[in-house]
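Q: Sharing a structure, written as structure tokens. Questions coming.
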Amino acid sequence: MTGATLGPLDLHLIGEGRHERLWEALGAVPAGPAPDDGIRFAVWAPHARSVGLAGDFNGWHAARDPLARAGESGVWERVVPAARHGDRYKFEIVGADGTRRLKADPMARWAETAPATASRVFVGSHHWRDDEWLADRPKVAPHRRRLSIYEVHLGSWRHAPSEHGPRPLTYLEAAEELGGYCTEMGFTHIELMPVAEHPFGGSWGYQVTGYWAPTSRFGTPDDFRAFVDTLHQSGVGVIVDWVPAHFPRDEWALARFDGTALYEHPDPRRGEHPDWDTLIFDHGRPEVRNFLIANALFWLEEFHVDGLRVDAVASMLYLDYSRGPGEWLPNRHGGRENLEAVSFLQECNTVVHRAHPGVLTIAEESTAWPGVSRPVDQGGLGFTHKWNMGWMHDTLEYFERDPIHRSYHHGNLTFGLEYAFSEHYVLPLSHDEVVHGKGSLIGKMPGDPWRRFANLRALLAWMWAHPGRQLLFMGGEIGQEREWNHDRSLDWHLLDDPAHFGVQTLVRELNALQASEPALWADDSSERGFRWLIGDDAAQSVLAIARFDPSHVARPVVCVANLTPEPRDGYRVGVPALGHWVELLGTDAARFGGSGVHATLDGASATDVAAHGHRHSILLHLPPLSVTFLAPQ
């Protein structure tokens, strides 16, 4: 579909909103195989009075390259023989309101580096080397795959020196360093905060103007392909944050693109977001749905990413989200559910999983909307996973408290298990928890320095013990003291301090333990993989759980938490099997920066003393502010 002009099938599919390879029809596409064939430019602007093309190839005189209407599809097109890879351009659109606007290409594959705003012609040449990775990906259902996700903001993960001062790593530099780091640390995937083009770095990428262009801050689109390719060859998957809910008001981008509310909903009660001062996509319009669904496919197809984490899903589902009485427009049944957005999400997930089985779609959804991660044919939204925001809030609230008060808030850690199996959950300790004055993870922990680090280690270990897949924002694994700043590198020098190095060592070993003990992840989504052992010892702030591999191939693992600074000697814990139980990992170990106290040095033999619903039990010495993992030898 890259001929000199658009054919009738392209135009028909665009008109119906069903062109799943929209990027091959619209935007700047080679008009033929040879450079001299030029570039075909096509843009959807159904209400425009006229469209011209201004760029490096015509001295930025749009009158020299007017576009012609292509049938009744609302598409305008023109082949420009002089256009070449790298040329900058914009569309000059005289809108339905008579206003002349110079607009970036909504389908541009490449853009100038912010603050410049022009689109750029891109002709890719990357040769992929990840065939084996892609062939293996569909072999395991996404919710049955072990996931340990490292969330990354590329601009601030690590900086490199330059003549003008420290600068972010390029895609090519980050490919080697980040791939090696994630492999060493045992993370299965990285999740990149949005890398689609955005003008304002302070939005962290969540206010997108170039949905089809990896940001040029770190290199070219082919450099980003090489980044993903290298990560795959390192054995690390790549998830990208995707923002189909809303977009910024920048006049040179999508807003009122052809002089009308084209991409945004025309009614401000549905088309304007009060929290973020952005515009909300019209998810009921076929062409807009097509733009977004094809964009999801584009990232999976053209950049080989392994998943999309969909931002702000809750804001899409509810018409009254962040709106007071009279500020929102009910649906056709009089309700608050955004039926068009629900239908869009279901269609998007259906198309994505049909085209790319094995990929992840993860919803950032903070309400009790039912069936977010259930199949569409069962009435769900069709995501493979949902962020467990309730777990995050309750768990952080508990660990932020002085241990002397924790006995009164024991339910913060037990309540989440009442709904833990209602969805395929991701447990997120994300960037949102370490910004806007919230402080860092280590900064939330109470007590003197030793207790702060012991609490952080216990928090991380409890997270790895808990049903659900783990997501940790960069810096959490080194005990970053400073609140995250998108303009600065992480403070890697902290690893010279044994306490910080110990936290990093713990995260590495937690990932290794998880990989070696399938009971910790094999069935996170049903009660078959979990059993409470101790959930009612609020007085001593002790909890114990057992994790199982329902296939019985792997041994069970017991996790015991003592979340006060008082050691518990001779503490009896019921266990699901006889035999000799050994300590797999204890967060108070000296190598993690702890005091070197272990629940058991030589193991503990289970005896026929009943406890906690089991016929057998073991006696342990519980270190202070610790989590211990044990298994039968």
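Please note that chains go A, B, ... in the order of the structure tokens, that every chain numbers its residues from 1, and that ligands are numbered from 1 in the order shown.
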According to DSSP computed on the backbone, where in region 107-154 of chain A is there alpha helix (DSSP H)? Give the residues as a list in words.

A: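 Those in region 107-154 of chain A that DSSP calls alpha helix (DSSP H) are Asp131, Glu132, Trp133, Leu134, Ala135 and Asp136 of chain A.
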
Q: With the cut-off set at 7 Å and counting only C-alpha atoms, tabulate each residue of region 472-579 of chain A with an atom at most that distance from an atom of region 447-465 of chain A, showing the nearest atom pair and its distance in Å to one decimal, ordered by chain and increasing number, as a Markdown table.

A:
| residue | atom | partner | partner_atom | distance |
| --- | --- | --- | --- | --- |
| A:Val503 | CA | A:Arg457 | CA | 6.4 |
| A:Leu510 | CA | A:Trp464 | CA | 6.9 |
| A:Leu520 | CA | A:Ala465 | CA | 6.6 |
| A:Cys559 | CA | A:Ala465 | CA | 6.6 |

Q: Between A:Leu11, A:Cys348, A:Leu292, A:Ala363, which is the closest to Ser315 (chain A) once you count only C-alpha atoms?

A: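 Ranking A:Leu11, A:Cys348, A:Leu292, A:Ala363 by distance to Ser315 (chain A), first place goes to A:Ala363.
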
Q: Ala610 (chain A): which residues within 10 Å, counting only C-alpha atoms, same-chain residues fewer than 5 positions away excluded, as a list in words?

A: Arg572, Val573, Gly574, Val575, Arg615, His616, Ser617 and Ile618 of chain A

Q: Quick one, how far is CA of Leu513 (chain A) from CA of Val627 (chain A)?

A: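 Separating CA of Leu513 (chain A) from CA of Val627 (chain A) is a distance of 13.5 Å.
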
Q: Report as a ChimeraX atom specification: the residues of region 322-529 of chain A with a DSSP assignment of strand (DSSP E or B), based on the backbone of this structure.

A: /A:337,360-363,385-387,425-429,469-473

Q: So what do you get for CA of Gly205 (chain A) versus CA of Asn511 (chain A), distance-wise?

A: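 Distance between the two atoms: 28.5 Å.
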
Q: So, with only C-alpha atoms as the atoms that count, which of A:Asp258, A:Glu340, A:Glu347, A:Glu483 lies closest to His283 (chain A)?

A: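 So, comparing all the options, the nearest one is A:Glu340.
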
Q: Taking only C-alpha atoms into account, which of A:Arg84, A:His393, A:Lys90, A:His466 comes nearest Asp65 (chain A)?

A: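 Under the stated criterion, the closest residue is A:Lys90.
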
Q: Please provide as a list of chain:residue names all residues within 10 Å of Glu72 (chain A), with the sequence filter that same-chain residues fewer than 3 positions apart are discarded (counting only C-alpha atoms).

A: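 Near Glu72 (chain A), the qualifying residues are A:Leu11, A:His12, A:Gly15, A:Pro46, A:Arg69, A:Val75, A:Trp76.
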
Q: Please write the residues from the selection above to a file, keeping all heavy atoms, as an mmCIF file, in the first residue's frame.

A:
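Listing of selection.cif after writing:
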data_model
loop_
_atom_site.group_PDB
_atom_site.id
_atom_site.type_symbol
_atom_site.label_atom_id
_atom_site.label_comp_id
_atom_site.auth_asym_id
_atom_site.auth_seq_id
_atom_site.Cartn_x
_atom_site.Cartn_y
_atom_site.Cartn_z
ATOM 1 N N LEU A 11 -8.672 4.075 0.527
ATOM 2 C CA LEU A 11 -9.618 5.148 0.811
ATOM 3 C C LEU A 11 -10.893 4.609 1.449
ATOM 4 O O LEU A 11 -11.463 5.233 2.347
ATOM 5 C CB LEU A 11 -9.928 5.914 -0.477
ATOM 6 C CG LEU A 11 -8.721 6.625 -1.119
ATOM 7 C CD1 LEU A 11 -9.118 7.266 -2.437
ATOM 8 C CD2 LEU A 11 -8.149 7.673 -0.165
ATOM 9 N N HIS A 12 -11.325 3.443 0.985
ATOM 10 C CA HIS A 12 -12.526 2.830 1.560
ATOM 11 C C HIS A 12 -12.295 2.469 3.028
ATOM 12 O O HIS A 12 -13.141 2.769 3.888
ATOM 13 C CB HIS A 12 -12.910 1.583 0.757
ATOM 14 C CG HIS A 12 -14.028 0.793 1.366
ATOM 15 N ND1 HIS A 12 -15.341 1.205 1.309
ATOM 16 C CD2 HIS A 12 -14.026 -0.377 2.065
ATOM 17 C CE1 HIS A 12 -16.101 0.327 1.953
ATOM 18 N NE2 HIS A 12 -15.334 -0.641 2.409
ATOM 19 N N GLY A 15 -12.107 5.583 5.184
ATOM 20 C CA GLY A 15 -13.425 6.155 5.366
ATOM 21 C C GLY A 15 -14.258 5.404 6.382
ATOM 22 O O GLY A 15 -15.055 6.001 7.115
ATOM 23 N N PRO A 46 -10.848 16.308 6.675
ATOM 24 C CA PRO A 46 -12.076 16.302 5.885
ATOM 25 C C PRO A 46 -12.773 17.653 5.773
ATOM 26 O O PRO A 46 -13.495 17.887 4.798
ATOM 27 C CB PRO A 46 -12.967 15.294 6.630
ATOM 28 C CG PRO A 46 -12.416 15.226 8.015
ATOM 29 C CD PRO A 46 -10.945 15.443 7.869
ATOM 30 N N ARG A 69 -7.683 16.543 -3.062
ATOM 31 C CA ARG A 69 -8.586 15.627 -2.367
ATOM 32 C C ARG A 69 -8.539 14.254 -3.022
ATOM 33 O O ARG A 69 -8.499 14.140 -4.255
ATOM 34 C CB ARG A 69 -10.016 16.144 -2.404
ATOM 35 C CG ARG A 69 -10.278 17.345 -1.519
ATOM 36 C CD ARG A 69 -11.763 17.690 -1.531
ATOM 37 N NE ARG A 69 -12.055 18.854 -0.716
ATOM 38 C CZ ARG A 69 -12.326 18.821 0.585
ATOM 39 N NH1 ARG A 69 -12.328 17.655 1.216
ATOM 40 N NH2 ARG A 69 -12.603 19.925 1.245
ATOM 41 N N VAL A 75 -9.290 12.611 2.797
ATOM 42 C CA VAL A 75 -7.832 12.571 2.688
ATOM 43 C C VAL A 75 -7.366 13.482 1.565
ATOM 44 O O VAL A 75 -7.986 13.554 0.493
ATOM 45 C CB VAL A 75 -7.351 11.124 2.431
ATOM 46 C CG1 VAL A 75 -5.857 11.089 2.144
ATOM 47 C CG2 VAL A 75 -7.680 10.240 3.624
ATOM 48 N N TRP A 76 -6.274 14.185 1.819
ATOM 49 C CA TRP A 76 -5.587 15.003 0.819
ATOM 50 C C TRP A 76 -4.219 14.373 0.585
ATOM 51 O O TRP A 76 -3.580 13.898 1.520
ATOM 52 C CB TRP A 76 -5.405 16.430 1.316
ATOM 53 C CG TRP A 76 -6.681 17.158 1.662
ATOM 54 C CD1 TRP A 76 -7.495 16.914 2.713
ATOM 55 C CD2 TRP A 76 -7.255 18.267 0.963
ATOM 56 N NE1 TRP A 76 -8.554 17.782 2.722
ATOM 57 C CE2 TRP A 76 -8.432 18.633 1.657
ATOM 58 C CE3 TRP A 76 -6.900 18.984 -0.188
ATOM 59 C CZ2 TRP A 76 -9.244 19.686 1.243
ATOM 60 C CZ3 TRP A 76 -7.706 20.039 -0.595
ATOM 61 C CH2 TRP A 76 -8.873 20.373 0.110
#
